[in-house]
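**Q** My structure is in work.cif, and what it holds is mmCIF, N, CA and C atoms:
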```cif
data_query
#
loop_
_atom_site.group_PDB
_atom_site.id
_atom_site.type_symbol
_atom_site.label_atom_id
_atom_site.label_comp_id
_atom_site.auth_asym_id
_atom_site.auth_seq_id
_atom_site.Cartn_x
_atom_site.Cartn_y
_atom_site.Cartn_z
ATOM 1 N N MET J 1 196.874 81.879 50.707
ATOM 2 C CA MET J 1 197.870 82.432 51.564
ATOM 3 C C MET J 1 198.121 81.453 52.718
ATOM 4 N N LYS J 2 199.328 81.356 53.142
ATOM 5 C CA LYS J 2 199.715 80.464 54.236
ATOM 6 C C LYS J 2 199.575 81.187 55.579
ATOM 7 N N LEU J 3 199.259 80.429 56.611
ATOM 8 C CA LEU J 3 199.078 80.994 57.941
ATOM 9 C C LEU J 3 200.334 81.701 58.424
ATOM 10 N N LYS J 4 201.492 81.155 58.126
ATOM 11 C CA LYS J 4 202.740 81.757 58.607
ATOM 12 C C LYS J 4 203.030 83.112 57.967
ATOM 13 N N GLU J 5 202.335 83.458 56.888
ATOM 14 C CA GLU J 5 202.519 84.751 56.229
ATOM 15 C C GLU J 5 201.731 85.873 56.909
ATOM 16 N N LEU J 6 200.771 85.520 57.760
ATOM 17 C CA LEU J 6 199.971 86.524 58.454
ATOM 18 C C LEU J 6 200.726 87.069 59.654
ATOM 19 N N LYS J 7 200.361 88.278 60.069
ATOM 20 C CA LYS J 7 200.922 88.863 61.285
ATOM 21 C C LYS J 7 200.125 88.370 62.484
ATOM 22 N N LYS J 8 200.724 88.470 63.651
ATOM 23 C CA LYS J 8 200.018 88.092 64.874
ATOM 24 C C LYS J 8 198.782 88.983 65.013
ATOM 25 N N ASP J 9 197.695 88.401 65.458
ATOM 26 C CA ASP J 9 196.399 89.062 65.660
ATOM 27 C C ASP J 9 195.656 89.375 64.362
ATOM 28 N N ASP J 10 196.125 88.892 63.217
ATOM 29 C CA ASP J 10 195.356 89.028 61.972
ATOM 30 C C ASP J 10 194.175 88.067 62.011
ATOM 31 N N VAL J 11 193.089 88.459 61.375
ATOM 32 C CA VAL J 11 191.908 87.591 61.314
ATOM 33 C C VAL J 11 191.891 86.851 59.979
ATOM 34 N N PHE J 12 191.321 85.636 60.004
ATOM 35 C CA PHE J 12 191.263 84.815 58.797
ATOM 36 C C PHE J 12 190.151 83.794 58.933
ATOM 37 N N SER J 13 189.797 83.181 57.813
ATOM 38 C CA SER J 13 188.873 82.049 57.826
ATOM 39 C C SER J 13 189.620 80.835 57.297
ATOM 40 N N ARG J 14 189.164 79.664 57.655
ATOM 41 C CA ARG J 14 189.831 78.441 57.226
ATOM 42 C C ARG J 14 189.356 77.961 55.872
ATOM 43 N N LYS J 15 188.187 78.440 55.433
ATOM 44 C CA LYS J 15 187.628 78.047 54.145
ATOM 45 C C LYS J 15 187.247 79.291 53.362
ATOM 46 N N PRO J 16 187.280 79.227 52.040
ATOM 47 C CA PRO J 16 186.823 80.391 51.267
ATOM 48 C C PRO J 16 185.325 80.609 51.504
ATOM 49 N N LEU J 17 184.952 81.874 51.652
ATOM 50 C CA LEU J 17 183.557 82.214 51.921
ATOM 51 C C LEU J 17 182.901 82.658 50.625
ATOM 52 N N ASN J 18 181.846 81.968 50.227
ATOM 53 C CA ASN J 18 181.189 82.234 48.949
ATOM 54 C C ASN J 18 180.535 83.603 48.882
ATOM 55 N N ASN J 19 179.847 83.991 49.947
ATOM 56 C CA ASN J 19 179.111 85.239 49.901
ATOM 57 C C ASN J 19 179.938 86.441 50.340
ATOM 58 N N LYS J 20 181.169 86.229 50.710
ATOM 59 C CA LYS J 20 182.092 87.273 51.160
ATOM 60 C C LYS J 20 181.649 87.954 52.452
ATOM 61 N N GLU J 21 180.546 87.514 53.058
ATOM 62 C CA GLU J 21 180.089 88.015 54.350
ATOM 63 C C GLU J 21 180.423 86.968 55.400
ATOM 64 N N ALA J 22 181.296 87.290 56.299
ATOM 65 C CA ALA J 22 181.751 86.320 57.285
ATOM 66 C C ALA J 22 180.905 86.376 58.553
ATOM 67 N N LEU J 23 180.595 85.230 59.081
ATOM 68 C CA LEU J 23 179.957 85.137 60.393
ATOM 69 C C LEU J 23 181.054 85.075 61.451
ATOM 70 N N ALA J 24 180.750 85.546 62.642
ATOM 71 C CA ALA J 24 181.753 85.559 63.705
ATOM 72 C C ALA J 24 182.272 84.163 64.024
ATOM 73 N N SER J 25 181.421 83.148 63.859
ATOM 74 C CA SER J 25 181.838 81.781 64.165
ATOM 75 C C SER J 25 182.809 81.205 63.138
ATOM 76 N N GLN J 26 182.981 81.868 62.001
ATOM 77 C CA GLN J 26 183.881 81.385 60.955
ATOM 78 C C GLN J 26 185.247 82.057 60.990
ATOM 79 N N ILE J 27 185.436 82.997 61.899
ATOM 80 C CA ILE J 27 186.645 83.817 61.922
ATOM 81 C C ILE J 27 187.561 83.391 63.069
ATOM 82 N N TYR J 28 188.847 83.339 62.763
ATOM 83 C CA TYR J 28 189.881 83.010 63.748
ATOM 84 C C TYR J 28 190.879 84.155 63.830
ATOM 85 N N ILE J 29 191.583 84.217 64.958
ATOM 86 C CA ILE J 29 192.634 85.203 65.174
ATOM 87 C C ILE J 29 193.943 84.451 65.347
ATOM 88 N N LYS J 30 194.952 84.833 64.566
ATOM 89 C CA LYS J 30 196.254 84.168 64.678
ATOM 90 C C LYS J 30 196.928 84.575 65.976
ATOM 91 N N GLY J 31 197.378 83.576 66.711
ATOM 92 C CA GLY J 31 198.033 83.816 67.991
ATOM 93 C C GLY J 31 199.518 83.490 67.946
ATOM 94 N N ASN J 32 200.040 83.095 69.072
ATOM 95 C CA ASN J 32 201.467 82.815 69.223
ATOM 96 C C ASN J 32 201.855 81.459 68.646
ATOM 97 N N TYR J 33 203.136 81.349 68.315
ATOM 98 C CA TYR J 33 203.717 80.103 67.821
ATOM 99 C C TYR J 33 204.231 79.299 69.004
ATOM 100 N N ASP J 34 203.908 78.031 69.037
ATOM 101 C CA ASP J 34 204.367 77.131 70.092
ATOM 102 C C ASP J 34 205.482 76.255 69.521
ATOM 103 N N ARG J 35 206.698 76.473 69.985
ATOM 104 C CA ARG J 35 207.832 75.728 69.437
ATOM 105 C C ARG J 35 207.804 74.244 69.775
ATOM 106 N N SER J 36 207.175 73.887 70.870
ATOM 107 C CA SER J 36 207.140 72.471 71.249
ATOM 108 C C SER J 36 206.240 71.657 70.308
ATOM 109 N N THR J 37 205.142 72.251 69.846
ATOM 110 C CA THR J 37 204.248 71.547 68.918
ATOM 111 C C THR J 37 204.472 71.964 67.469
ATOM 112 N N LYS J 38 205.232 73.036 67.269
ATOM 113 C CA LYS J 38 205.508 73.599 65.948
ATOM 114 C C LYS J 38 204.213 74.009 65.236
ATOM 115 N N LYS J 39 203.304 74.620 66.013
ATOM 116 C CA LYS J 39 202.024 75.065 65.476
ATOM 117 C C LYS J 39 201.661 76.423 66.062
ATOM 118 N N TYR J 40 200.751 77.122 65.369
ATOM 119 C CA TYR J 40 200.225 78.393 65.840
ATOM 120 C C TYR J 40 198.910 78.161 66.568
ATOM 121 N N TRP J 41 198.698 78.881 67.673
ATOM 122 C CA TRP J 41 197.414 78.841 68.357
ATOM 123 C C TRP J 41 196.508 79.874 67.694
ATOM 124 N N CYS J 42 195.330 79.441 67.272
ATOM 125 C CA CYS J 42 194.370 80.311 66.609
ATOM 126 C C CYS J 42 193.053 80.225 67.373
ATOM 127 N N GLN J 43 192.633 81.354 67.933
ATOM 128 C CA GLN J 43 191.405 81.339 68.713
ATOM 129 C C GLN J 43 190.242 81.848 67.891
ATOM 130 N N LYS J 44 189.059 81.378 68.221
ATOM 131 C CA LYS J 44 187.853 81.817 67.528
ATOM 132 C C LYS J 44 187.557 83.266 67.902
ATOM 133 N N TRP J 45 187.039 84.010 66.947
ATOM 134 C CA TRP J 45 186.727 85.411 67.166
ATOM 135 C C TRP J 45 185.649 85.583 68.243
ATOM 136 N N ASP J 46 184.628 84.734 68.231
ATOM 137 C CA ASP J 46 183.477 84.916 69.113
ATOM 138 C C ASP J 46 183.567 84.135 70.421
ATOM 139 N N ASP J 47 184.635 83.366 70.624
ATOM 140 C CA ASP J 47 184.771 82.586 71.855
ATOM 141 C C ASP J 47 186.256 82.501 72.212
ATOM 142 N N CYS J 48 186.664 83.318 73.169
ATOM 143 C CA CYS J 48 188.092 83.414 73.496
ATOM 144 C C CYS J 48 188.659 82.143 74.126
ATOM 145 N N SER J 49 187.815 81.257 74.609
ATOM 146 C CA SER J 49 188.316 80.028 75.209
ATOM 147 C C SER J 49 188.365 78.866 74.213
ATOM 148 N N ALA J 50 187.892 79.082 73.005
ATOM 149 C CA ALA J 50 187.903 78.032 71.983
ATOM 150 C C ALA J 50 188.923 78.383 70.906
ATOM 151 N N GLY J 51 189.548 77.366 70.388
ATOM 152 C CA GLY J 51 190.519 77.589 69.336
ATOM 153 C C GLY J 51 191.132 76.284 68.878
ATOM 154 N N ILE J 52 192.063 76.404 67.950
ATOM 155 C CA ILE J 52 192.737 75.233 67.403
ATOM 156 C C ILE J 52 194.208 75.556 67.176
ATOM 157 N N GLU J 53 194.994 74.531 67.047
ATOM 158 C CA GLU J 53 196.394 74.687 66.669
ATOM 159 C C GLU J 53 196.528 74.315 65.208
ATOM 160 N N LEU J 54 197.188 75.171 64.439
ATOM 161 C CA LEU J 54 197.362 74.936 63.018
ATOM 162 C C LEU J 54 198.829 75.075 62.645
ATOM 163 N N LYS J 55 199.256 74.264 61.684
ATOM 164 C CA LYS J 55 200.616 74.363 61.164
ATOM 165 C C LYS J 55 200.759 75.634 60.323
ATOM 166 N N GLY J 56 201.955 76.113 60.196
ATOM 167 C CA GLY J 56 202.222 77.331 59.434
ATOM 168 C C GLY J 56 201.907 77.209 57.960
ATOM 169 N N ASP J 57 201.929 75.988 57.419
ATOM 170 C CA ASP J 57 201.655 75.786 55.997
ATOM 171 C C ASP J 57 200.170 75.648 55.686
ATOM 172 N N THR J 58 199.300 75.795 56.687
ATOM 173 C CA THR J 58 197.855 75.686 56.478
ATOM 174 C C THR J 58 197.373 76.837 55.596
ATOM 175 N N GLU J 59 196.571 76.503 54.611
ATOM 176 C CA GLU J 59 195.996 77.513 53.715
ATOM 177 C C GLU J 59 194.861 78.238 54.433
ATOM 178 N N VAL J 60 194.917 79.578 54.469
ATOM 179 C CA VAL J 60 193.881 80.396 55.111
ATOM 180 C C VAL J 60 193.436 81.481 54.136
ATOM 181 N N TYR J 61 192.319 82.130 54.446
ATOM 182 C CA TYR J 61 191.713 83.101 53.538
ATOM 183 C C TYR J 61 191.388 84.399 54.278
ATOM 184 N N GLN J 62 191.618 85.515 53.605
ATOM 185 C CA GLN J 62 191.316 86.819 54.176
ATOM 186 C C GLN J 62 190.424 87.647 53.259
ATOM 187 N N ASP J 63 189.901 87.088 52.213
ATOM 188 C CA ASP J 63 189.104 87.844 51.244
ATOM 189 C C ASP J 63 187.626 87.827 51.621
ATOM 190 N N PHE J 64 187.276 88.484 52.721
ATOM 191 C CA PHE J 64 185.902 88.537 53.181
ATOM 192 C C PHE J 64 185.666 89.881 53.873
ATOM 193 N N THR J 65 184.423 90.223 54.054
ATOM 194 C CA THR J 65 184.020 91.424 54.789
ATOM 195 C C THR J 65 183.531 90.987 56.151
ATOM 196 N N PHE J 66 184.038 91.667 57.168
ATOM 197 C CA PHE J 66 183.662 91.274 58.518
ATOM 198 C C PHE J 66 183.239 92.496 59.297
#
```
Could you render the structure from this file as structure tokens?

**A**
Amino acid sequence: MKLKELKKDDVFSRKPLNNKEALASQIYIKGNYDRSTKKYWCQKWDDCSAGIELKGDTEVYQDFTF
């Protein structure tokens, strides 16, 4: 699934999780789109001051238990 297909505030992981049990450090929350960089701000679930910017075409995963 592509990042741009998720709704704002949806949770996701950047890599497929083998055991289907997600750790808080592996989970991101989709944030707002920044038109100047053409990327979405995605913050870490367990650290509100940490995050990354990802393009909308980035492959993300939601098939885990959290």

**Q** Do you know which residues the PyMOL selection byres (((chain J and resi 4 and name CA) around 9) and name CA) returns on this file, as a PyMOL selection string?

**A** chain J and resi 1-3+5-7+40+55-58

**Q** Pick out the closest residue to Trp45 in chain J from this set: J:Ile29, J:Val11, J:Leu23, J:Leu17. Count all atoms listed in the file.

**A**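 Closest to Trp45 in chain J, using all atoms listed in the file: J:Ile29.
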
**Q** Could you tell me which residues the PyMOL selection byres (((chain J and resi 47 and name CA) around 12) and name CA) grabs in this file, written as a list in words?

**A**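 Selection result, ordered by chain and number: Ala24, Ser25, Gln26, Ile27, Tyr28, Ile29, Cys42, Gln43, Lys44, Trp45, Asp46, Cys48, Ser49, Ala50, Gly51 and Ile52 of chain J.
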
**Q** Between CA of Phe12 in chain J and CA of Glu59 in chain J, measure the distance and give it in Å to one decimal.

**A**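 Interatomic distance, CA of Phe12 in chain J to CA of Glu59 in chain J: 10.1 Å.
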
**Q** Could you check which of J:Lys8, J:Trp41, J:Asp34, J:Lys15 is closest to Glu53 in chain J, using all atoms listed in the file?

**A**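 Nearest candidate to Glu53 in chain J out of J:Lys8, J:Trp41, J:Asp34, J:Lys15: J:Trp41.
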
**Q** Give me, please, the distance in Å between CA of Tyr61 in chain J and CA of Ser36 in chain J, quoted to one decimal.

**A** 25.8 Å
